[in-house]
Structures are given as structure tokens and as C-alpha cells.
$ cat final-v7.pdb   # PDB, C-alpha atoms
ATOM      1  CA  MET A   1      10.655  41.089 -36.118
ATOM      2  CA  GLU A   2       9.381  40.841 -32.527
ATOM      3  CA  THR A   3       6.396  38.774 -33.678
ATOM      4  CA  MET A   4       8.695  36.329 -35.453
ATOM      5  CA  GLU A   5      10.808  35.854 -32.304
ATOM      6  CA  THR A   6       7.694  35.172 -30.260
ATOM      7  CA  GLU A   7       6.430  32.648 -32.808
ATOM      8  CA  THR A   8       9.693  30.689 -32.819
ATOM      9  CA  ALA A   9       9.805  30.679 -29.000
ATOM     10  CA  THR A  10       6.243  29.350 -28.698
ATOM     11  CA  ARG A  11       6.031  25.671 -27.806
ATOM     12  CA  TRP A  12       2.842  24.808 -29.679
ATOM     13  CA  LEU A  13       0.787  21.897 -28.432
ATOM     14  CA  THR A  14       1.145  18.615 -30.235
ATOM     15  CA  ASP A  15      -2.015  16.957 -31.531
ATOM     16  CA  ALA A  16      -2.044  14.634 -28.501
ATOM     17  CA  GLU A  17      -1.501  17.559 -26.086
ATOM     18  CA  GLN A  18      -4.209  19.602 -27.813
ATOM     19  CA  CYS A  19      -6.624  16.674 -27.592
ATOM     20  CA  ALA A  20      -5.864  16.161 -23.871
ATOM     21  CA  TRP A  21      -6.258  19.882 -23.157
ATOM     22  CA  ARG A  22      -9.566  20.187 -24.996
ATOM     23  CA  THR A  23     -10.905  17.017 -23.397
ATOM     24  CA  HIS A  24     -10.055  18.485 -19.984
ATOM     25  CA  LEU A  25     -11.862  21.737 -20.875
ATOM     26  CA  ASP A  26     -14.915  19.859 -22.151
ATOM     27  CA  VAL A  27     -15.123  17.648 -19.079
ATOM     28  CA  SER A  28     -14.633  20.589 -16.707
ATOM     29  CA  ARG A  29     -17.345  22.704 -18.322
ATOM     30  CA  LEU A  30     -19.818  19.889 -18.889
ATOM     31  CA  LEU A  31     -19.389  18.421 -15.416
ATOM     32  CA  MET A  32     -19.782  21.753 -13.638
ATOM     33  CA  HIS A  33     -22.847  22.516 -15.778
ATOM     34  CA  GLN A  34     -24.396  19.153 -14.860
ATOM     35  CA  LEU A  35     -23.639  19.531 -11.140
ATOM     36  CA  GLU A  36     -25.151  23.025 -11.210
ATOM     37  CA  LYS A  37     -28.248  21.667 -12.955
ATOM     38  CA  ASP A  38     -28.579  18.979 -10.281
ATOM     39  CA  LEU A  39     -28.431  21.614  -7.503
ATOM     40  CA  GLN A  40     -31.143  23.805  -9.074
ATOM     41  CA  PRO A  41     -34.100  21.919  -7.539
ATOM     42  CA  PHE A  42     -32.695  22.925  -4.139
ATOM     43  CA  GLY A  43     -32.379  26.586  -5.149
ATOM     44  CA  LEU A  44     -28.579  26.435  -4.973
ATOM     45  CA  THR A  45     -25.726  27.183  -7.350
ATOM     46  CA  ASN A  46     -22.318  25.518  -7.348
ATOM     47  CA  ASN A  47     -20.964  28.647  -5.626
ATOM     48  CA  ASP A  48     -23.654  28.453  -2.934
ATOM     49  CA  TYR A  49     -22.890  24.802  -2.315
ATOM     50  CA  GLU A  50     -19.140  25.416  -2.149
ATOM     51  CA  ILE A  51     -19.679  28.140   0.467
ATOM     52  CA  LEU A  52     -21.980  25.890   2.500
ATOM     53  CA  VAL A  53     -19.394  23.076   2.368
ATOM     54  CA  ASN A  54     -16.580  25.374   3.487
ATOM     55  CA  LEU A  55     -18.630  26.744   6.371
ATOM     56  CA  SER A  56     -19.994  23.345   7.426
ATOM     57  CA  GLU A  57     -16.450  21.934   7.587
ATOM     58  CA  SER A  58     -14.911  24.888   9.436
ATOM     59  CA  GLU A  59     -14.584  25.297  13.183
ATOM     60  CA  HIS A  60     -17.781  26.704  14.699
ATOM     61  CA  HIS A  61     -19.252  26.704  11.155
ATOM     62  CA  ARG A  62     -17.776  30.108  10.435
ATOM     63  CA  MET A  63     -14.964  31.656   8.419
ATOM     64  CA  ARG A  64     -13.572  35.126   8.014
ATOM     65  CA  MET A  65     -14.924  36.588   4.802
ATOM     66  CA  SER A  66     -11.392  37.108   3.446
ATOM     67  CA  ASP A  67     -10.516  33.443   4.109
ATOM     68  CA  LEU A  68     -13.762  32.287   2.519
ATOM     69  CA  ALA A  69     -13.032  34.423  -0.555
ATOM     70  CA  THR A  70      -9.611  32.784  -0.834
ATOM     71  CA  ALA A  71     -11.013  29.284  -0.314
ATOM     72  CA  THR A  72     -13.679  29.746  -2.992
ATOM     73  CA  LEU A  73     -11.479  31.675  -5.446
ATOM     74  CA  GLN A  74     -13.847  34.661  -5.408
ATOM     75  CA  SER A  75     -13.080  38.329  -5.112
ATOM     76  CA  LYS A  76     -14.128  39.853  -1.793
ATOM     77  CA  SER A  77     -16.701  41.969  -3.628
ATOM     78  CA  ARG A  78     -18.235  39.015  -5.469
ATOM     79  CA  LEU A  79     -18.306  36.944  -2.282
ATOM     80  CA  SER A  80     -20.010  39.792  -0.443
ATOM     81  CA  HIS A  81     -22.808  39.828  -3.047
ATOM     82  CA  GLN A  82     -23.053  36.043  -2.870
ATOM     83  CA  ILE A  83     -23.294  36.086   0.932
ATOM     84  CA  THR A  84     -25.960  38.822   0.753
ATOM     85  CA  ARG A  85     -28.105  36.519  -1.424
ATOM     86  CA  MET A  86     -27.463  33.576   0.876
ATOM     87  CA  GLU A  87     -28.359  35.703   3.935
ATOM     88  CA  ALA A  88     -31.680  36.592   2.315
ATOM     89  CA  ALA A  89     -32.314  32.853   1.894
ATOM     90  CA  GLY A  90     -31.517  32.272   5.588
ATOM     91  CA  LEU A  91     -28.513  30.031   4.879
ATOM     92  CA  VAL A  92     -25.756  32.200   6.372
ATOM     93  CA  THR A  93     -25.337  35.322   8.420
ATOM     94  CA  ARG A  94     -22.501  37.769   8.918
ATOM     95  CA  VAL A  95     -21.117  38.650  12.327
ATOM     96  CA  ASN A  96     -18.410  41.062  13.369
ATOM     97  CA  CYS A  97     -15.022  39.745  14.328
ATOM     98  CA  GLU A  98     -14.410  40.336  18.033
ATOM     99  CA  SER A  99     -10.640  40.824  17.628
ATOM    100  CA  ASP A 100     -10.761  43.005  14.499
ATOM    101  CA  ARG A 101     -13.598  45.494  14.145
ATOM    102  CA  ARG A 102     -13.090  45.635  10.370
ATOM    103  CA  GLY A 103     -13.303  41.862  10.002
ATOM    104  CA  LEU A 104     -16.466  39.910   9.341
ATOM    105  CA  TYR A 105     -17.307  36.251   9.647
ATOM    106  CA  ALA A 106     -19.700  34.332   7.441
ATOM    107  CA  VAL A 107     -21.570  31.929   9.718
ATOM    108  CA  LEU A 108     -23.671  28.947   8.700
ATOM    109  CA  THR A 109     -27.168  29.196  10.161
ATOM    110  CA  ASP A 110     -29.183  26.245  11.453
ATOM    111  CA  GLU A 111     -31.200  26.449   8.233
ATOM    112  CA  GLY A 112     -27.961  26.417   6.235
ATOM    113  CA  MET A 113     -26.778  23.300   8.072
ATOM    114  CA  GLU A 114     -30.133  21.618   7.502
ATOM    115  CA  THR A 115     -29.869  22.491   3.817
ATOM    116  CA  MET A 116     -26.419  20.866   3.719
ATOM    117  CA  ARG A 117     -27.781  17.705   5.352
ATOM    118  CA  LYS A 118     -30.579  17.570   2.799
ATOM    119  CA  VAL A 119     -28.561  18.470  -0.331
ATOM    120  CA  ALA A 120     -25.243  16.679   0.303
ATOM    121  CA  PRO A 121     -26.534  13.145  -0.408
ATOM    122  CA  HIS A 122     -28.010  14.326  -3.721
ATOM    123  CA  HIS A 123     -24.820  16.164  -4.645
ATOM    124  CA  VAL A 124     -22.663  13.126  -3.868
ATOM    125  CA  ALA A 125     -24.991  10.952  -5.967
ATOM    126  CA  SER A 126     -24.615  13.428  -8.838
ATOM    127  CA  VAL A 127     -20.807  13.422  -8.537
ATOM    128  CA  ARG A 128     -20.869   9.614  -8.538
ATOM    129  CA  GLN A 129     -23.239   9.353 -11.503
ATOM    130  CA  HIS A 130     -21.495  11.887 -13.705
ATOM    131  CA  PHE A 131     -17.859  11.331 -12.731
ATOM    132  CA  ILE A 132     -16.685   8.777 -10.136
ATOM    133  CA  ASP A 133     -18.674   5.745 -11.277
ATOM    134  CA  LEU A 134     -17.604   6.275 -14.901
ATOM    135  CA  LEU A 135     -13.969   5.642 -13.994
ATOM    136  CA  SER A 136     -12.214   2.544 -12.712
ATOM    137  CA  PRO A 137     -10.247   2.637  -9.454
ATOM    138  CA  GLN A 138      -7.088   2.567 -11.588
ATOM    139  CA  ASP A 139      -8.349   5.523 -13.657
ATOM    140  CA  LEU A 140      -9.072   7.474 -10.476
ATOM    141  CA  ALA A 141      -5.594   6.730  -9.100
ATOM    142  CA  ALA A 142      -4.015   7.817 -12.392
ATOM    143  CA  LEU A 143      -6.138  10.973 -12.406
ATOM    144  CA  ARG A 144      -5.049  11.858  -8.861
ATOM    145  CA  ALA A 145      -1.399  11.176  -9.737
ATOM    146  CA  SER A 146      -1.465  13.182 -12.952
ATOM    147  CA  LEU A 147      -3.526  16.156 -11.764
ATOM    148  CA  GLY A 148      -1.980  16.410  -8.292
ATOM    149  CA  PRO A 149       1.168  18.212  -9.528
ATOM    150  CA  VAL A 150      -0.981  20.606 -11.579
ATOM    151  CA  ALA A 151      -3.127  21.434  -8.536
ATOM    152  CA  ASP A 152      -0.010  21.903  -6.378
ATOM    153  CA  HIS A 153       1.537  24.219  -8.978
ATOM    154  CA  LEU A 154      -1.626  26.308  -9.248
ATOM    155  CA  ARG A 155      -1.953  26.574  -5.460
ATOM    156  CA  ASP A 156       1.649  27.836  -5.351
ATOM    157  CA  GLN A 157       0.863  30.392  -8.080
ATOM    158  CA  ARG A 158      -2.085  31.724  -6.042
ATOM    159  CA  GLY A 159       0.297  32.572  -3.228
ATOM    160  CA  LYS A 160       2.502  34.590  -5.595
ATOM    161  CA  VAL A 161      -0.222  37.046  -6.624
TER     162      VAL A 161
END

$ encode --input "final-v7.pdb" --output "C-alpha cells"
Amino acid sequence: METMETETATRWLTDAEQCAWRTHLDVSRLLMHQLEKDLQPFGLTNNDYEILVNLSESEHHRMRMSDLATATLQSKSRLSHQITRMEAAGLVTRVNCESDRRGLYAVLTDEGMETMRKVAPHHVASVRQHFIDLLSPQDLAALRASLGPVADHLRDQRGKV
């Protein structure tokens, strides 16, 4: 009986909704795969690049590890492993937080900043080629308008965990 109640309460997707949802999934997966492929010649992953972007745009090119984990949607443990790999490559380093002995900062090194300067133009060209330039200005405006509320909702949900 419980299964039947659940089935009647389910708002199944219409054909148009299902098509929109699956198109979104396809585009998300395919685009991220392509962007990752385009970063490979530089020895970077999408996660590496996202960390470098966050650090390069932050004050003093550093962020607390916990804030960086939140910004990149990674667990603290996964981020720690990621930063260890990036430290070995000379892109970032970790330093202790002066005000909190338990806290650590991830800091962009000079080599990491040079890598950003070298890779960013190629990454932007890839984003343009595989996404931006395929859409009209009107399509981009509609995309921002339609996905903005979804992004806002999901950001709010993150805060509730």
C-alpha cells in the first residue's frame, strides 16, 4: 500500500521535461569531459584548474582549506589529497594559519600563477569553442535567466546541510 501512495504522489516528468533534463545532463557531462581533455596537455584536471582559479582570484592568492573545499564542492579529505598532488607539482603550498593553529591555507605559488597565465587563454578559448560561441546573445541571456534560479536554489540548499 505504501508503494502505491508513493507512486500516486510522484510528479513524473513530461516528455518535454524529460527531454530538457536529459539534454542538460548530456551537455554537462560532454562539456566537462571536453574541457578536461583540453586541459590535459598542461597536466591539469578540471579540479586543478578550479583550485588555481579560486586561489588566483582570492586576496593574497590564498584561501583557508575549509573555504576552498566549500568553494570547489569537495570534501576536506578529497581536497587535501588534491592539494598534496598540486604541491608535488609546485603549483600550491600549504601554510599554517597565524590566528588558528589548526587552520591551514592553500597558497598559490609563483609557478602556480605562471601556470594560470599560460593555461587561462587556452581554457577560455575552449569554453568559447565548445559553449559560448555556439549560442546567440539571446540564447545566453535566456540561459542565465532560466538557470539563475536553479543555481540560487542549490546554493541555498548547500547552506542547509

$ closest_atom_pairs --input "final-v7.pdb" --of "region 40-128 of chain A" --to "region 13-31 of chain A" --cutoff "12 Å" --atoms "only C-alpha atoms" --output "CSV"
residue,atom,partner,partner_atom,distance
A:Asn46,CA,A:Leu31,CA,11.1
A:Ser126,CA,A:Leu31,CA,9.8
A:Val127,CA,A:Leu31,CA,8.6
A:Arg128,CA,A:Leu31,CA,11.3

$ residues_near_point --input "final-v7.pdb" --point "(-21.1, 27.3, 8.3)" --cutoff "6 Å" --atoms "all atoms listed in the file" --output "number ranges by chain"
A: 55-56, 61-62, 107-108

$ atom_distance --input "final-v7.pdb" --atom1 "CA of Lys118 (chain A)" --atom2 "CA of Ser58 (chain A)"
18.5 Å

$ closest_residue --input "final-v7.pdb" --among "A:Val95, A:Leu104, A:Ala145, A:Leu68" --to "Val53 (chain A)" --atoms "all atoms listed in the file"
A:Leu68

$ closest_residue --input "final-v7.pdb" --among "A:Asn47, A:Gln34, A:Thr93, A:Gln74" --to "Asp110 (chain A)" --atoms "only C-alpha atoms"
A:Thr93

$ closest_atom_pairs --input "final-v7.pdb" --of "region 36-81 of chain A" --to "region 146-159 of chain A" --cutoff "12 Å" --atoms "all atoms listed in the file" --output "tab-separated table"
residue	atom	partner	partner_atom	distance
A:Thr70	CA	A:Arg158	CA	9.2
A:Ala71	CA	A:Arg155	CA	10.8
A:Leu73	CA	A:Arg158	CA	9.4

$ resolve_selection --input "final-v7.pdb" --expression "the PyMOL selection byres ((chain A and resi 83) around 12)" --output "JSON, numbers by chain"
{"A": [47, 48, 49, 50, 51, 52, 55, 65, 68, 69, 74, 76, 77, 78, 79, 80, 81, 82, 84, 85, 86, 87, 88, 89, 90, 91, 92, 93, 94, 95, 104, 105, 106, 107, 108, 112]}

$ write_last_selection --input "final-v7.pdb" --atoms "C-alpha atoms" --output "PDB file, keeping the file's coordinate frame"
ATOM      1  CA  ASN A  47     -20.964  28.647  -5.626  1.00  0.00           C
ATOM      2  CA  ASP A  48     -23.654  28.453  -2.934  1.00  0.00           C
ATOM      3  CA  TYR A  49     -22.890  24.802  -2.315  1.00  0.00           C
ATOM      4  CA  GLU A  50     -19.140  25.416  -2.149  1.00  0.00           C
ATOM      5  CA  ILE A  51     -19.679  28.140   0.467  1.00  0.00           C
ATOM      6  CA  LEU A  52     -21.980  25.890   2.500  1.00  0.00           C
ATOM      7  CA  LEU A  55     -18.630  26.744   6.371  1.00  0.00           C
ATOM      8  CA  MET A  65     -14.924  36.588   4.802  1.00  0.00           C
ATOM      9  CA  LEU A  68     -13.762  32.287   2.519  1.00  0.00           C
ATOM     10  CA  ALA A  69     -13.032  34.423  -0.555  1.00  0.00           C
ATOM     11  CA  GLN A  74     -13.847  34.661  -5.408  1.00  0.00           C
ATOM     12  CA  LYS A  76     -14.128  39.853  -1.793  1.00  0.00           C
ATOM     13  CA  SER A  77     -16.701  41.969  -3.628  1.00  0.00           C
ATOM     14  CA  ARG A  78     -18.235  39.015  -5.469  1.00  0.00           C
ATOM     15  CA  LEU A  79     -18.306  36.944  -2.282  1.00  0.00           C
ATOM     16  CA  SER A  80     -20.010  39.792  -0.443  1.00  0.00           C
ATOM     17  CA  HIS A  81     -22.808  39.828  -3.047  1.00  0.00           C
ATOM     18  CA  GLN A  82     -23.053  36.043  -2.870  1.00  0.00           C
ATOM     19  CA  THR A  84     -25.960  38.822   0.753  1.00  0.00           C
ATOM     20  CA  ARG A  85     -28.105  36.519  -1.424  1.00  0.00           C
ATOM     21  CA  MET A  86     -27.463  33.576   0.876  1.00  0.00           C
ATOM     22  CA  GLU A  87     -28.359  35.703   3.935  1.00  0.00           C
ATOM     23  CA  ALA A  88     -31.680  36.592   2.315  1.00  0.00           C
ATOM     24  CA  ALA A  89     -32.314  32.853   1.894  1.00  0.00           C
ATOM     25  CA  GLY A  90     -31.517  32.272   5.588  1.00  0.00           C
ATOM     26  CA  LEU A  91     -28.513  30.031   4.879  1.00  0.00           C
ATOM     27  CA  VAL A  92     -25.756  32.200   6.372  1.00  0.00           C
ATOM     28  CA  THR A  93     -25.337  35.322   8.420  1.00  0.00           C
ATOM     29  CA  ARG A  94     -22.501  37.769   8.918  1.00  0.00           C
ATOM     30  CA  VAL A  95     -21.117  38.650  12.327  1.00  0.00           C
ATOM     31  CA  LEU A 104     -16.466  39.910   9.341  1.00  0.00           C
ATOM     32  CA  TYR A 105     -17.307  36.251   9.647  1.00  0.00           C
ATOM     33  CA  ALA A 106     -19.700  34.332   7.441  1.00  0.00           C
ATOM     34  CA  VAL A 107     -21.570  31.929   9.718  1.00  0.00           C
ATOM     35  CA  LEU A 108     -23.671  28.947   8.700  1.00  0.00           C
ATOM     36  CA  GLY A 112     -27.961  26.417   6.235  1.00  0.00           C
TER      37      GLY A 112
END

$ atom_distance --input "final-v7.pdb" --atom1 "CA of Arg117 (chain A)" --atom2 "CA of Met63 (chain A)"
19.2 Å

$ closest_residue --input "final-v7.pdb" --among "A:Ile132, A:Glu57, A:Asp67, A:Pro41" --to "Gly103 (chain A)" --atoms "only C-alpha atoms"
A:Asp67

$ closest_residue --input "final-v7.pdb" --among "A:Leu134, A:Met116, A:Lys160, A:Ala141" --to "Leu39 (chain A)" --atoms "all atoms listed in the file"
A:Met116

$ axis_aligned_box --input "final-v7.pdb" --around "region 57-60 of chain A" --padding-each-side "5 Å" --output "lines of an AutoDock Vina configuration file"
center_x = -16.2
center_y = 24.3
center_z = 11.1
size_x = 13.2
size_y = 14.8
size_z = 17.1

$ atom_distance --input "final-v7.pdb" --atom1 "CA of His33 (chain A)" --atom2 "CA of Arg64 (chain A)"
28.5 Å

$ decode --input "final-v7.pdb" --residues "region 49-60 of chain A" --atoms "all heavy atoms" --output "compact mmCIF listing (two decimals), in the first residue's frame"
# COMPACT_ATOMS: atom_id res chain seq x y z
N TYR A 49 42.33 23.10 -12.18
CA TYR A 49 42.12 24.43 -12.75
C TYR A 49 41.18 25.25 -11.86
O TYR A 49 41.43 26.43 -11.60
CB TYR A 49 41.57 24.33 -14.17
CG TYR A 49 41.52 25.67 -14.86
CD1 TYR A 49 42.70 26.25 -15.37
CD2 TYR A 49 40.33 26.38 -14.99
CE1 TYR A 49 42.67 27.49 -15.98
CE2 TYR A 49 40.31 27.62 -15.60
CZ TYR A 49 41.48 28.17 -16.10
OH TYR A 49 41.46 29.40 -16.69
N GLU A 50 40.13 24.62 -11.36
CA GLU A 50 39.19 25.33 -10.49
C GLU A 50 39.89 25.83 -9.22
O GLU A 50 39.65 26.95 -8.76
CB GLU A 50 38.02 24.41 -10.12
CG GLU A 50 36.97 25.10 -9.28
CD GLU A 50 35.81 24.20 -8.93
OE1 GLU A 50 35.93 22.96 -9.03
OE2 GLU A 50 34.77 24.75 -8.51
N ILE A 51 40.76 25.02 -8.66
CA ILE A 51 41.52 25.43 -7.47
C ILE A 51 42.44 26.59 -7.81
O ILE A 51 42.50 27.58 -7.08
CB ILE A 51 42.30 24.23 -6.88
CG1 ILE A 51 41.31 23.25 -6.23
CG2 ILE A 51 43.36 24.69 -5.89
CD1 ILE A 51 41.90 21.90 -5.88
N LEU A 52 43.15 26.49 -8.93
CA LEU A 52 44.04 27.58 -9.34
C LEU A 52 43.26 28.88 -9.56
O LEU A 52 43.72 29.96 -9.17
CB LEU A 52 44.79 27.20 -10.62
CG LEU A 52 45.81 26.07 -10.50
CD1 LEU A 52 46.39 25.73 -11.86
CD2 LEU A 52 46.90 26.41 -9.50
N VAL A 53 42.08 28.79 -10.17
CA VAL A 53 41.25 29.98 -10.39
C VAL A 53 40.85 30.59 -9.05
O VAL A 53 40.98 31.80 -8.84
CB VAL A 53 40.00 29.66 -11.23
CG1 VAL A 53 39.00 30.80 -11.20
CG2 VAL A 53 40.40 29.35 -12.67
N ASN A 54 40.34 29.76 -8.15
CA ASN A 54 39.93 30.27 -6.83
C ASN A 54 41.08 30.96 -6.11
O ASN A 54 40.91 32.04 -5.55
CB ASN A 54 39.35 29.14 -5.97
CG ASN A 54 37.89 28.91 -6.21
OD1 ASN A 54 37.05 29.61 -5.64
ND2 ASN A 54 37.57 27.96 -7.07
N LEU A 55 42.24 30.34 -6.12
CA LEU A 55 43.39 30.93 -5.43
C LEU A 55 43.88 32.19 -6.13
O LEU A 55 44.21 33.18 -5.48
CB LEU A 55 44.52 29.91 -5.31
CG LEU A 55 44.24 28.72 -4.39
CD1 LEU A 55 45.40 27.73 -4.45
CD2 LEU A 55 43.96 29.17 -2.96
N SER A 56 43.90 32.18 -7.46
CA SER A 56 44.40 33.35 -8.19
C SER A 56 43.48 34.56 -8.02
O SER A 56 43.94 35.69 -8.10
CB SER A 56 44.57 33.03 -9.69
OG SER A 56 43.32 32.87 -10.32
N GLU A 57 42.20 34.31 -7.75
CA GLU A 57 41.24 35.41 -7.59
C GLU A 57 41.04 35.82 -6.14
O GLU A 57 40.33 36.78 -5.86
CB GLU A 57 39.89 35.01 -8.21
CG GLU A 57 39.96 34.85 -9.72
CD GLU A 57 38.66 34.37 -10.33
OE1 GLU A 57 37.75 33.95 -9.59
OE2 GLU A 57 38.56 34.42 -11.58
N SER A 58 41.67 35.12 -5.21
CA SER A 58 41.48 35.44 -3.79
C SER A 58 42.57 36.40 -3.32
O SER A 58 43.65 36.51 -3.91
CB SER A 58 41.50 34.16 -2.95
OG SER A 58 42.76 33.55 -3.02
N GLU A 59 42.26 37.08 -2.22
CA GLU A 59 43.21 38.04 -1.65
C GLU A 59 44.50 37.33 -1.25
O GLU A 59 44.46 36.26 -0.61
CB GLU A 59 42.58 38.72 -0.43
CG GLU A 59 43.39 39.84 0.12
CD GLU A 59 42.69 40.58 1.26
OE1 GLU A 59 41.53 40.27 1.56
OE2 GLU A 59 43.33 41.47 1.82
N HIS A 60 45.61 37.89 -1.63
CA HIS A 60 46.94 37.32 -1.35
C HIS A 60 47.12 35.93 -1.96
O HIS A 60 48.00 35.19 -1.53
CB HIS A 60 47.22 37.28 0.15
CG HIS A 60 47.08 38.61 0.83
ND1 HIS A 60 47.91 39.68 0.55
CD2 HIS A 60 46.19 39.04 1.76
CE1 HIS A 60 47.53 40.72 1.28
NE2 HIS A 60 46.50 40.37 2.02
